[in-house]
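Engineer: Data: query-v8.txt, compact mmCIF, C-alpha atoms and all ligand atoms.
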# COMPACT_ATOMS: atom_id res chain seq x y z
CA MET A 26 98.08 90.03 99.58
CA SER A 27 98.41 89.98 103.32
CA SER A 28 95.18 90.03 105.24
CA GLU A 29 94.14 93.15 107.08
CA ARG A 30 96.07 93.42 110.32
CA ALA A 31 94.41 92.43 113.53
CA GLY A 32 93.68 95.35 115.79
CA THR A 33 93.57 97.95 113.05
CA GLY A 34 89.83 98.54 113.27
CA THR A 35 88.22 101.41 115.07
CA ASN A 36 87.26 99.91 118.40
CA ALA A 37 86.60 102.46 121.10
CA GLN A 38 89.79 101.90 123.09
CA GLU A 39 92.08 102.28 120.09
CA THR A 40 90.25 105.32 118.79
CA ASP A 41 90.41 106.91 122.20
CA ARG A 42 94.16 106.47 122.39
CA LEU A 43 94.57 108.30 119.09
CA ARG A 44 92.22 111.06 120.21
CA LEU A 45 94.16 111.54 123.44
CA HIS A 46 97.47 111.62 121.58
CA PHE A 47 96.28 114.70 119.68
CA SER A 48 94.00 116.28 122.29
CA SER A 49 96.57 118.63 123.79
CA SER A 50 97.51 120.06 120.38
CA GLU A 51 96.05 123.53 120.53
CA ASN A 52 97.57 124.52 117.26
CA PRO A 53 97.29 122.46 114.05
CA THR A 54 100.93 123.18 113.27
CA GLN A 55 101.85 120.96 116.23
CA TYR A 56 100.21 118.01 114.53
CA ALA A 57 103.26 117.32 112.38
CA GLY A 58 105.31 116.38 115.44
CA ARG A 59 102.50 114.21 116.79
CA TRP A 60 102.27 112.20 113.57
CA GLU A 61 106.03 111.82 113.43
CA SER A 62 106.18 110.57 117.02
CA LEU A 63 103.51 107.94 116.29
CA TRP A 64 105.36 106.75 113.22
CA GLN A 65 108.70 106.74 115.08
CA ASP A 66 107.29 104.76 117.96
CA GLY A 67 105.70 102.39 115.46
CA THR A 68 103.73 100.34 118.00
CA TYR A 69 100.42 102.12 117.60
CA LEU A 70 99.36 102.83 114.01
CA PRO A 71 95.64 101.96 114.10
CA TRP A 72 94.90 103.37 110.64
CA ASP A 73 97.58 101.26 108.97
CA ARG A 74 95.80 98.34 107.30
CA GLY A 75 99.01 96.66 106.16
CA GLN A 76 97.68 96.32 102.62
CA PRO A 77 96.37 98.53 99.81
CA SER A 78 92.75 99.61 99.62
CA PRO A 79 90.51 97.05 97.83
CA ALA A 80 88.22 99.96 96.93
CA LEU A 81 91.07 101.76 95.13
CA ILE A 82 92.02 98.59 93.27
CA ASP A 83 88.41 98.24 92.09
CA VAL A 84 88.08 101.90 91.08
CA LEU A 85 91.17 101.58 88.89
CA ALA A 86 89.92 98.35 87.33
CA GLN A 87 86.24 99.21 86.93
CA ARG A 88 85.86 103.00 86.73
CA GLN A 89 88.42 103.90 84.10
CA ASP A 90 85.65 105.75 82.24
CA LEU A 91 85.47 108.14 85.20
CA VAL A 92 89.04 108.42 86.46
CA GLY A 93 90.73 108.05 83.11
CA SER A 94 93.52 105.76 82.08
CA ALA A 95 97.08 105.84 83.40
CA VAL A 96 98.28 106.85 79.96
CA ALA A 97 97.11 109.63 77.69
CA ALA A 98 96.49 107.41 74.64
CA PRO A 99 95.35 104.01 75.92
CA SER A 100 94.32 102.82 72.46
CA GLN A 101 97.99 102.62 71.44
CA PRO A 102 99.32 100.00 73.83
CA GLU A 103 102.19 99.12 71.47
CA SER A 104 103.80 102.47 72.35
CA ASN A 105 102.72 101.99 75.94
CA GLY A 106 100.17 104.70 75.21
CA GLY A 107 102.35 107.40 76.84
CA PRO A 108 102.74 109.99 78.20
CA ARG A 109 101.80 108.71 81.60
CA ARG A 110 99.32 110.58 83.76
CA LYS A 111 100.08 111.72 87.28
CA ALA A 112 98.61 110.58 90.59
CA LEU A 113 99.09 112.08 94.06
CA ILE A 114 98.39 110.58 97.48
CA PRO A 115 98.57 113.18 100.26
CA GLY A 116 99.12 111.68 103.72
CA CYS A 117 100.20 108.43 102.06
CA GLY A 118 101.50 106.85 105.28
CA ALA A 119 103.13 103.49 104.58
CA GLY A 120 102.45 103.88 100.88
CA TYR A 121 100.62 100.66 99.90
CA ASP A 122 98.17 102.53 97.64
CA CYS A 123 101.05 104.34 95.89
CA TYR A 124 102.45 101.00 94.72
CA VAL A 125 99.03 99.96 93.37
CA LEU A 126 98.75 103.09 91.25
CA GLN A 127 102.32 102.70 90.04
CA ALA A 128 101.64 99.09 89.02
CA GLN A 129 98.67 100.28 86.97
CA GLY A 130 100.95 102.64 85.04
CA TRP A 131 100.48 105.97 86.83
CA ASP A 132 103.40 108.26 87.64
CA VAL A 133 102.85 108.58 91.37
CA VAL A 134 103.92 110.87 94.19
CA GLY A 135 103.24 109.86 97.78
CA LEU A 136 103.34 112.86 100.11
CA ASP A 137 103.58 112.74 103.89
CA ILE A 138 104.60 115.11 106.64
CA SER A 139 106.35 112.31 108.51
CA GLU A 140 109.82 111.30 107.37
CA THR A 141 109.51 108.03 109.25
CA ALA A 142 106.28 107.15 107.45
CA LEU A 143 108.08 107.72 104.16
CA GLN A 144 110.99 105.52 105.21
CA ARG A 145 108.46 102.76 105.83
CA ALA A 146 106.81 103.43 102.50
CA LYS A 147 110.13 103.14 100.68
CA ALA A 148 111.01 99.98 102.57
CA TYR A 149 107.71 98.42 101.49
CA ARG A 150 109.22 98.16 98.00
CA GLY A 151 110.92 95.02 99.32
CA HIS A 152 107.55 93.34 99.94
CA LEU A 153 105.96 93.75 96.52
CA ASP A 154 107.22 90.55 94.89
CA GLY A 155 104.71 87.77 94.64
CA GLN A 156 101.70 89.98 95.43
CA SER A 157 99.55 90.07 92.32
CA VAL A 158 98.07 93.43 93.22
CA PHE A 159 101.48 95.01 92.69
CA ALA A 160 102.20 93.26 89.38
CA ALA A 161 102.46 95.57 86.38
CA GLY A 162 99.20 96.05 84.49
CA GLN A 163 98.62 96.53 80.76
CA PHE A 164 100.63 99.77 80.56
CA GLY A 165 103.64 98.61 82.56
CA LYS A 166 104.73 100.36 85.73
CA GLY A 167 104.88 104.11 86.12
CA THR A 168 107.34 105.95 88.33
CA LEU A 169 107.00 106.42 92.10
CA ARG A 170 108.50 109.13 94.30
CA PHE A 171 107.93 109.74 97.98
CA GLU A 172 108.08 113.39 99.04
CA SER A 173 108.10 114.77 102.53
CA GLY A 174 106.16 117.96 103.13
CA ASP A 175 103.11 119.66 104.56
CA PHE A 176 100.12 119.39 102.24
CA PHE A 177 99.04 122.90 103.25
CA THR A 178 102.27 124.70 102.42
CA LEU A 179 103.22 123.12 99.11
CA ASP A 180 104.99 125.38 96.64
CA GLU A 181 102.29 126.65 94.26
CA ASP A 182 104.57 126.71 91.20
CA VAL A 183 105.75 123.15 91.67
CA TRP A 184 102.59 121.35 92.77
CA MET A 185 99.41 123.04 91.60
CA GLY A 186 97.16 122.22 88.64
CA GLN A 187 98.93 119.08 87.48
CA TRP A 188 97.45 115.98 89.14
CA ASP A 189 95.19 113.78 87.04
CA LEU A 190 94.16 111.65 89.98
CA ILE A 191 94.31 112.39 93.70
CA TRP A 192 93.41 109.69 96.21
CA ASP A 193 92.24 110.54 99.72
CA TYR A 194 91.87 107.81 102.28
CA THR A 195 92.07 108.67 105.99
CA PHE A 196 93.79 111.94 105.26
CA LEU A 197 90.86 114.36 105.61
CA CYS A 198 89.50 112.53 108.65
CA ALA A 199 92.92 112.84 110.29
CA LEU A 200 92.96 116.63 110.08
CA PRO A 201 91.70 119.07 112.69
CA LEU A 202 88.28 120.46 111.75
CA GLU A 203 89.57 123.99 111.14
CA LEU A 204 91.73 122.68 108.28
CA ARG A 205 88.85 121.06 106.39
CA PRO A 206 87.98 124.08 104.16
CA LYS A 207 91.67 124.50 103.37
CA TRP A 208 91.91 120.79 102.49
CA ALA A 209 89.09 121.27 99.96
CA LEU A 210 90.71 124.32 98.38
CA GLN A 211 94.12 122.71 98.19
CA MET A 212 92.71 119.52 96.62
CA SER A 213 90.93 121.53 93.96
CA LYS A 214 94.00 123.67 93.21
CA LEU A 215 96.21 120.59 92.90
CA LEU A 216 93.97 118.92 90.30
CA SER A 217 94.68 119.33 86.60
CA PRO A 218 91.75 120.86 84.68
CA THR A 219 90.51 117.35 83.81
CA GLY A 220 91.74 115.72 87.02
CA ARG A 221 89.72 113.58 89.40
CA LEU A 222 89.70 113.57 93.19
CA VAL A 223 88.77 110.13 94.47
CA CYS A 224 87.78 109.88 98.14
CA LEU A 225 87.22 106.73 100.11
CA GLU A 226 84.84 108.31 102.60
CA PHE A 227 85.57 107.23 106.19
CA PRO A 228 84.33 107.24 108.92
CA THR A 229 80.92 108.18 107.56
CA HIS A 230 78.89 107.00 110.55
CA LYS A 231 81.00 108.33 113.39
CA ASP A 232 79.50 111.12 115.50
CA LEU A 233 81.66 114.23 115.34
CA ARG A 234 81.08 114.75 119.05
CA ALA A 235 83.08 111.57 119.74
CA GLY A 236 86.21 113.51 118.78
CA GLY A 237 89.09 112.45 116.58
CA PRO A 238 91.17 111.64 114.75
CA PRO A 239 89.60 110.01 112.93
CA TRP A 240 86.95 112.75 112.91
CA GLY A 241 83.44 111.79 111.79
CA LEU A 242 82.96 112.45 108.10
CA PRO A 243 79.49 111.83 106.67
CA SER A 244 79.19 112.05 102.88
CA GLN A 245 77.31 115.32 103.30
CA THR A 246 80.43 116.93 104.75
CA TYR A 247 82.44 116.14 101.61
CA VAL A 248 79.64 117.73 99.54
CA ALA A 249 79.60 120.86 101.69
CA LEU A 250 83.39 121.25 101.61
CA LEU A 251 83.93 120.58 97.92
CA SER A 252 80.94 122.63 96.74
CA ARG A 253 82.60 125.73 98.15
CA PRO A 254 86.33 125.00 98.58
CA GLY A 255 87.94 127.35 101.07
CA SER A 256 84.68 128.47 102.70
CA ASP A 257 83.91 127.56 106.28
CA ILE A 258 81.18 125.00 106.76
CA LYS A 259 78.64 125.17 109.55
CA TYR A 260 77.56 122.42 111.91
CA ASP A 261 74.27 122.20 113.82
CA GLU A 262 74.03 121.56 117.57
CA GLU A 263 74.38 117.83 116.91
CA GLN A 264 77.58 118.60 115.02
CA LYS A 265 76.04 117.55 111.71
CA VAL A 266 77.04 119.70 108.79
CA LEU A 267 74.28 122.06 107.73
CA PRO A 268 72.99 121.15 104.27
CA GLU A 269 74.28 124.16 102.38
CA ASP A 270 75.42 122.07 99.47
CA GLN A 271 74.62 124.54 96.72
CA GLN A 272 77.62 125.29 94.62
CA ASP A 273 78.91 128.82 94.79
CA PRO A 274 78.90 130.18 91.20
CA THR A 275 81.64 132.66 92.11
CA ASN A 276 84.00 129.99 93.43
CA GLN A 277 86.27 128.84 90.59
CA TYR A 278 87.50 125.90 92.67
CA THR A 279 84.12 124.21 93.13
CA LEU A 280 84.17 120.48 92.49
CA THR A 281 81.22 118.45 91.26
CA ARG A 282 80.57 114.93 92.49
CA ILE A 283 80.32 112.75 89.41
CA ILE A 284 79.59 109.49 91.21
CA HIS A 285 78.92 108.28 94.73
CA PHE A 286 78.64 104.60 95.65
CA LYS A 287 79.17 101.93 98.26
CA PRO A 288 82.30 99.99 97.30
CA GLU A 289 81.87 96.27 96.82
CA ARG A 290 85.15 95.67 98.61
CA THR A 291 86.78 97.76 101.30
CA TYR A 292 88.62 97.33 104.59
CA ALA A 293 86.77 95.56 107.39
CA ALA A 294 86.71 98.80 109.42
CA GLY A 295 84.42 100.46 106.87
CA LYS A 296 82.64 97.39 105.49
CA ASP A 297 79.11 98.78 105.83
CA SER A 298 79.72 102.49 105.92
CA ASP A 299 82.54 103.35 103.48
CA ARG A 300 81.56 105.23 100.35
CA VAL A 301 83.52 106.23 97.27
CA SER A 302 83.06 109.66 95.75
CA ILE A 303 84.73 110.94 92.58
CA TRP A 304 85.00 114.68 91.96
CA ALA A 305 85.81 116.84 88.95
CA ARG A 306 86.16 120.53 88.21
CA ARG A 307 82.95 122.13 86.91
C1 LIG B 1 95.63 108.49 109.48
S1 LIG B 1 97.13 108.48 108.62
C2 LIG B 1 96.67 107.72 107.07
C3 LIG B 1 97.81 107.19 106.26
C4 LIG B 1 97.40 106.48 104.96
N1 LIG B 1 96.54 107.29 104.14
C5 LIG B 1 96.75 105.17 105.28
O1 LIG B 1 95.54 105.01 104.97
O2 LIG B 1 97.40 104.28 105.85
C6 LIG B 1 97.32 110.19 108.16
C7 LIG B 1 98.65 110.48 107.51
O3 LIG B 1 98.68 111.84 107.11
C8 LIG B 1 99.95 112.39 107.41
N2 LIG B 1 99.74 113.84 107.55
C9 LIG B 1 99.08 114.49 108.53
N3 LIG B 1 99.06 115.81 108.31
C10 LIG B 1 99.72 116.00 107.14
C11 LIG B 1 100.01 117.15 106.35
N4 LIG B 1 99.63 118.37 106.75
N5 LIG B 1 100.68 117.01 105.19
C12 LIG B 1 101.06 115.76 104.77
N6 LIG B 1 100.81 114.64 105.48
C13 LIG B 1 100.15 114.75 106.64
C14 LIG B 1 100.38 111.68 108.69
O4 LIG B 1 101.76 111.69 108.90
C15 LIG B 1 99.83 110.28 108.44
O5 LIG B 1 100.79 109.46 107.81
Will you turn the file into structure tokens for me?
Ligand SMILES: C[S@@+](CC[C@H](N)C(=O)[O-])C[C@H]1O[C@@H](n2cnc3c(N)ncnc32)[C@H](O)[C@@H]1O

Structural biologist:
Amino acid sequence: MSSERAGTGTNAQETDRLRLHFSSSENPTQYAGRWESLWQDGTYLPWDRGQPSPALIDVLAQRQDLVGSAVAAPSQPESNGGPRRKALIPGCGAGYDCYVLQAQGWDVVGLDISETALQRAKAYRGHLDGQSVFAAGQFGKGTLRFESGDFFTLDEDVWMGQWDLIWDYTFLCALPLELRPKWALQMSKLLSPTGRLVCLEFPTHKDLRAGGPPWGLPSQTYVALLSRPGSDIKYDEEQKVLPEDQQDPTNQYTLTRIIHFKPERTYAAGKDSDRVSIWARR
């Protein structure tokens, strides 16, 4: 596996450049063009670690009891245990994590609003050979498709209620704050009834007042959003989310956090502060 790229951390200068790139977007719908222009330019992609997430690799290897297996009947490996279960990565960028899930036997869709990001992701196929992390696991490889589209306007009939695993890394923190409640609702709607949302929480220690993307995202914010998907969350004068984490019994989309931990391995940028949370329908 290649080592994490130099200069892909979150030092102040780099973060500020990203913030300024988006600062004149008054309307979240303009963000699509901003992402595409960054990907097209290709010289400044500070979130792109050049390798898959070690935390995702470990979740798949060590937390199968919580996220489930890539196949519906894992005790019958002779038949490959099929049918395969489905994984989605919204805002997949260059797609490294998609290839990890595919290698572990999941049928994967990587979604991104940027066509250029997806071209990169497809081209990465040519770099898999010889990297053990992309070698097929016990169930053989699943399928992988890259789809271009806006996470917030996906066709309900085609996308909703069918994903057994959804992985979020640097997607929520990339979104304008007003889209956060909608992110939570959409994630919950996309999950299958037994599906799991797995978040690599980042950047958990960044002050929201420092701007974004990436916007500060303490663990408490995930709790507030996913306890009441679709409802606005409130921030105090220090821009910390107010601790209204009670689940709303009337909200059918509420997700429950089934585990929360500090990953043993993660990218250097989140070494001390990254957390993993896994969520399920009530
Ligand atoms: C900060 S990057 C993270 C990419 C990838 N998760 C990674 O860790 O390298 C955010 C990605 O989300 C994509 N994106 C932003 N808004 C989106 C939307 N509404 N629907 C789908 N993708 C979106 C961007 O094009 C970009 O590739």

Engineer: Could you please extract the residues within 6 Å of ligand LIG 1 (chain B), counting all atoms listed in the file, and hand them back as a list in words?

Structural biologist: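 Here is the list of contacting residues: Trp60, Trp72, Asp73, Pro115, Gly116, Cys117, Gly118, Ala119, Leu136, Asp137, Ile138, Ser139, Ala142, Gly174, Asp175, Phe176, Phe177, Tyr194, Thr195, Phe196 and Ala199 of chain A.
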
Engineer: At a cut-off of 6 Å, using all atoms listed in the file, what residues contact region 226-230 of chain A? Leave out same-chain residues fewer than 4 positions from it and give the result as a list in words.

Structural biologist: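 Residues near the query, excluding close chain neighbours: Gly241, Leu242, Pro243, Asp299, Arg300 and Val301 of chain A.
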
Engineer: Which distance in Å separates CA of Arg42 (chain A) and CA of Leu70 (chain A), to one decimal?

Structural biologist: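 Answer for the CA of Arg42 (chain A) to CA of Leu70 (chain A) separation: 10.5 Å.
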
Engineer: Within 12 Å of (77.8, 115.9, 98.5) (coordinates as in the file), grab all the protein and nucleic acid residues, counting all atoms listed in the file, and write them out as number ranges by chain.

Structural biologist: A: 224, 226, 242-253, 266-272, 279-286, 300-304

Engineer: Which residues, written as a short mmCIF file (atom, residue, chain, number, x, y, z; two decimals) with C-alpha atoms, in the frame of the given file, have at least one atom at most 9 Å from Asp297 (chain A), with all atoms listed in the file counted and residues fewer than 4 positions away on the same chain left out?

Structural biologist:
data_model
loop_
_atom_site.label_atom_id
_atom_site.label_comp_id
_atom_site.auth_asym_id
_atom_site.auth_seq_id
_atom_site.Cartn_x
_atom_site.Cartn_y
_atom_site.Cartn_z
CA LYS A 287 79.17 101.93 98.26
CA THR A 291 86.78 97.76 101.30
CA ALA A 293 86.77 95.56 107.39
#
